[in-house]
Amino acid sequence: MSDTPRAQLIHIDVDRRLGHEWDEWDGKPLPNRGDYDSSPTLFFAWSALALVVGLLLAGLALYLFGPRLGQIHPAVPRVLWITLVVTGLALWAWWAALALSFATRRALLPERLAERGPFLRLMSLTSRVANRFGRRDWVENASVKVYNALALLRNRKVGTGELLVLIPRCLSKETLDGVLGIAGKYGVPVFVATRGQLARRVIRERRPKAVVAVACERDMVSGLHDVAGKIPVLGLTMTLPMGPCKDAMLNLGQLEEWVRAYVV
Ligand code: SF4
């Protein structure tokens, strides 16, 4: 009889329904009890690394495939190298303008070039790079802080009925009561979005003029990527002392400040 080891099916009993962003969670407590509070400078450091990695990979691809592309026309590799250098310089100039805008709290770039445009793609790229080093949640926390700071520079105001507060299904009861209290105080509708898809549907159907969204860092970055390009959003991340997707807590004072930023 063969004694080849058989594949083991590892089953983790979880007392919650995990969002797909947490599929690989091993059931152990999260670092720092799920509080990923980080300095915004972390985003700038990691986004600079992400840009370097992206440009190096593009350069490597061009180095490897350049000779073949040269068979199409001898000028093709040179044109592509020039395009890469110009794109790289433009990206670094844009990144520096973002950093300066954040540091001086002045809106130096139009919205479509800042928090509602390529910034969202840079956030996603930075998350992917940070994920490789196991730093995703910390870096995403910093990214959301930078995003909010840039979005607040627009000083946008909407009516109470035009704002939507989107919350996830994982808030602790105490936190949920606090959120409902704030929403009631300002007469702002609240929706529980059980999945990102549902959040997008609620936004499509209700057509709010602005959104204050609450989610964990992972869900927030993917949600902002889908929604923030279309309407103004402020994002509030949570702490997860009981692990992902259960009894999450948030800074209610910050939530009230975000709501006030739009409606008062
Ligand atoms: S927002 Fe809550 S329910 Fe959604 S993935 Fe994050 S922790 Fe899970």
# chains A, B, ... in the order shown; residues from 1 in each chain; ligands from 1
>>> residues_near_ligand(ligand="ligand 1", cutoff="6 Å", atoms="only C-alpha atoms and all ligand atoms", output="count of residues only")
11
>>> select_by_dssp(residues="segment 11-223 of chain A", states="helix (DSSP H, G or I)", output="VMD selection string")
chain A and resid 20 to 22 31 to 34 41 to 72 76 to 104 111 to 113 118 to 132 136 to 152 160 to 162 173 to 186 196 to 206 217 to 223
>>> closest_residue(among="A:Val129, A:Met123, A:Leu236, A:Ala149", to="Val221 of chain A", atoms="only C-alpha atoms")
A:Met123
>>> closest_atom_pairs(of="segment 56-152 of chain A", to="segment 188-212 of chain A", cutoff="12 Å", atoms="only C-alpha atoms", output="tab-separated table")
residue	atom	partner	partner_atom	distance
A:Asn148	CA	A:Val212	CA	10.4
A:Ala151	CA	A:Ala210	CA	11.2
A:Leu152	CA	A:Val212	CA	11.8
>>> decode(residues="segment 87-169 of chain A", atoms="C-alpha atoms", output="PDB file, in the first residue's frame")
ATOM      1  CA  THR A  87       5.848  58.929 -19.260  1.00  0.00           C
ATOM      2  CA  GLY A  88       8.190  58.281 -16.314  1.00  0.00           C
ATOM      3  CA  LEU A  89       9.070  61.982 -16.014  1.00  0.00           C
ATOM      4  CA  ALA A  90       5.384  62.980 -16.234  1.00  0.00           C
ATOM      5  CA  LEU A  91       4.475  60.420 -13.553  1.00  0.00           C
ATOM      6  CA  TRP A  92       7.154  61.680 -11.174  1.00  0.00           C
ATOM      7  CA  ALA A  93       6.116  65.308 -11.737  1.00  0.00           C
ATOM      8  CA  TRP A  94       2.498  64.334 -11.007  1.00  0.00           C
ATOM      9  CA  TRP A  95       3.509  62.358  -7.911  1.00  0.00           C
ATOM     10  CA  ALA A  96       5.515  65.350  -6.638  1.00  0.00           C
ATOM     11  CA  ALA A  97       2.494  67.638  -7.214  1.00  0.00           C
ATOM     12  CA  LEU A  98       0.321  65.229  -5.212  1.00  0.00           C
ATOM     13  CA  ALA A  99       2.824  65.182  -2.362  1.00  0.00           C
ATOM     14  CA  LEU A 100       3.090  68.970  -2.417  1.00  0.00           C
ATOM     15  CA  SER A 101      -0.684  69.334  -2.497  1.00  0.00           C
ATOM     16  CA  PHE A 102      -0.970  67.050   0.517  1.00  0.00           C
ATOM     17  CA  ALA A 103       1.854  68.774   2.427  1.00  0.00           C
ATOM     18  CA  THR A 104       0.604  72.317   1.801  1.00  0.00           C
ATOM     19  CA  ARG A 105      -3.121  71.405   1.944  1.00  0.00           C
ATOM     20  CA  ARG A 106      -3.678  73.260  -1.310  1.00  0.00           C
ATOM     21  CA  ALA A 107      -5.522  71.827  -4.300  1.00  0.00           C
ATOM     22  CA  LEU A 108      -2.691  72.083  -6.835  1.00  0.00           C
ATOM     23  CA  LEU A 109      -4.181  69.558  -9.256  1.00  0.00           C
ATOM     24  CA  PRO A 110      -7.668  69.351 -10.782  1.00  0.00           C
ATOM     25  CA  GLU A 111      -9.882  66.601  -9.355  1.00  0.00           C
ATOM     26  CA  ARG A 112      -9.537  64.360 -12.395  1.00  0.00           C
ATOM     27  CA  LEU A 113      -5.748  64.367 -11.938  1.00  0.00           C
ATOM     28  CA  ALA A 114      -5.883  63.975  -8.161  1.00  0.00           C
ATOM     29  CA  GLU A 115      -8.240  62.055  -5.885  1.00  0.00           C
ATOM     30  CA  ARG A 116     -10.743  61.152  -8.599  1.00  0.00           C
ATOM     31  CA  GLY A 117      -8.367  60.112 -11.330  1.00  0.00           C
ATOM     32  CA  PRO A 118      -5.019  58.362 -11.605  1.00  0.00           C
ATOM     33  CA  PHE A 119      -4.576  58.600  -7.836  1.00  0.00           C
ATOM     34  CA  LEU A 120      -7.067  55.731  -7.462  1.00  0.00           C
ATOM     35  CA  ARG A 121      -5.010  53.591  -9.834  1.00  0.00           C
ATOM     36  CA  LEU A 122      -1.827  54.482  -7.945  1.00  0.00           C
ATOM     37  CA  MET A 123      -3.559  53.419  -4.721  1.00  0.00           C
ATOM     38  CA  SER A 124      -4.395  50.015  -6.213  1.00  0.00           C
ATOM     39  CA  LEU A 125      -0.886  49.531  -7.616  1.00  0.00           C
ATOM     40  CA  THR A 126       0.657  50.542  -4.276  1.00  0.00           C
ATOM     41  CA  SER A 127      -1.613  48.068  -2.454  1.00  0.00           C
ATOM     42  CA  ARG A 128      -0.497  45.250  -4.726  1.00  0.00           C
ATOM     43  CA  VAL A 129       3.191  46.028  -4.133  1.00  0.00           C
ATOM     44  CA  ALA A 130       2.664  46.374  -0.343  1.00  0.00           C
ATOM     45  CA  ASN A 131       0.732  43.091  -0.319  1.00  0.00           C
ATOM     46  CA  ARG A 132       3.853  41.296  -1.573  1.00  0.00           C
ATOM     47  CA  PHE A 133       5.632  42.433   1.568  1.00  0.00           C
ATOM     48  CA  GLY A 134       2.721  41.713   3.944  1.00  0.00           C
ATOM     49  CA  ARG A 135       2.132  45.442   4.569  1.00  0.00           C
ATOM     50  CA  ARG A 136      -1.082  45.885   2.636  1.00  0.00           C
ATOM     51  CA  ASP A 137      -3.434  46.955   5.442  1.00  0.00           C
ATOM     52  CA  TRP A 138      -1.020  49.507   6.908  1.00  0.00           C
ATOM     53  CA  VAL A 139      -0.267  51.044   3.549  1.00  0.00           C
ATOM     54  CA  GLU A 140      -3.947  51.097   2.564  1.00  0.00           C
ATOM     55  CA  ASN A 141      -4.763  52.897   5.813  1.00  0.00           C
ATOM     56  CA  ALA A 142      -2.192  55.550   4.866  1.00  0.00           C
ATOM     57  CA  SER A 143      -3.530  55.702   1.281  1.00  0.00           C
ATOM     58  CA  VAL A 144      -7.075  56.361   2.459  1.00  0.00           C
ATOM     59  CA  LYS A 145      -5.823  59.153   4.733  1.00  0.00           C
ATOM     60  CA  VAL A 146      -4.075  60.847   1.811  1.00  0.00           C
ATOM     61  CA  TYR A 147      -7.135  60.330  -0.385  1.00  0.00           C
ATOM     62  CA  ASN A 148      -9.424  61.940   2.236  1.00  0.00           C
ATOM     63  CA  ALA A 149      -7.072  64.879   2.751  1.00  0.00           C
ATOM     64  CA  LEU A 150      -7.043  65.572  -1.010  1.00  0.00           C
ATOM     65  CA  ALA A 151     -10.831  65.136  -1.295  1.00  0.00           C
ATOM     66  CA  LEU A 152     -11.462  67.534   1.613  1.00  0.00           C
ATOM     67  CA  LEU A 153      -9.498  70.256  -0.183  1.00  0.00           C
ATOM     68  CA  ARG A 154     -12.467  70.618  -2.589  1.00  0.00           C
ATOM     69  CA  ASN A 155     -14.708  71.889   0.222  1.00  0.00           C
ATOM     70  CA  ARG A 156     -17.766  70.360  -1.413  1.00  0.00           C
ATOM     71  CA  LYS A 157     -21.215  70.896   0.124  1.00  0.00           C
ATOM     72  CA  VAL A 158     -24.426  68.980  -0.530  1.00  0.00           C
ATOM     73  CA  GLY A 159     -27.935  68.881   0.953  1.00  0.00           C
ATOM     74  CA  THR A 160     -28.624  66.357   3.745  1.00  0.00           C
ATOM     75  CA  GLY A 161     -30.819  64.247   1.453  1.00  0.00           C
ATOM     76  CA  GLU A 162     -28.092  64.230  -1.186  1.00  0.00           C
ATOM     77  CA  LEU A 163     -25.518  62.606   1.073  1.00  0.00           C
ATOM     78  CA  LEU A 164     -25.414  58.874   1.645  1.00  0.00           C
ATOM     79  CA  VAL A 165     -23.681  57.090   4.504  1.00  0.00           C
ATOM     80  CA  LEU A 166     -22.673  53.582   3.475  1.00  0.00           C
ATOM     81  CA  ILE A 167     -21.769  51.170   6.248  1.00  0.00           C
ATOM     82  CA  PRO A 168     -20.718  47.515   6.175  1.00  0.00           C
ATOM     83  CA  ARG A 169     -22.543  44.636   7.854  1.00  0.00           C
TER      84      ARG A 169
END
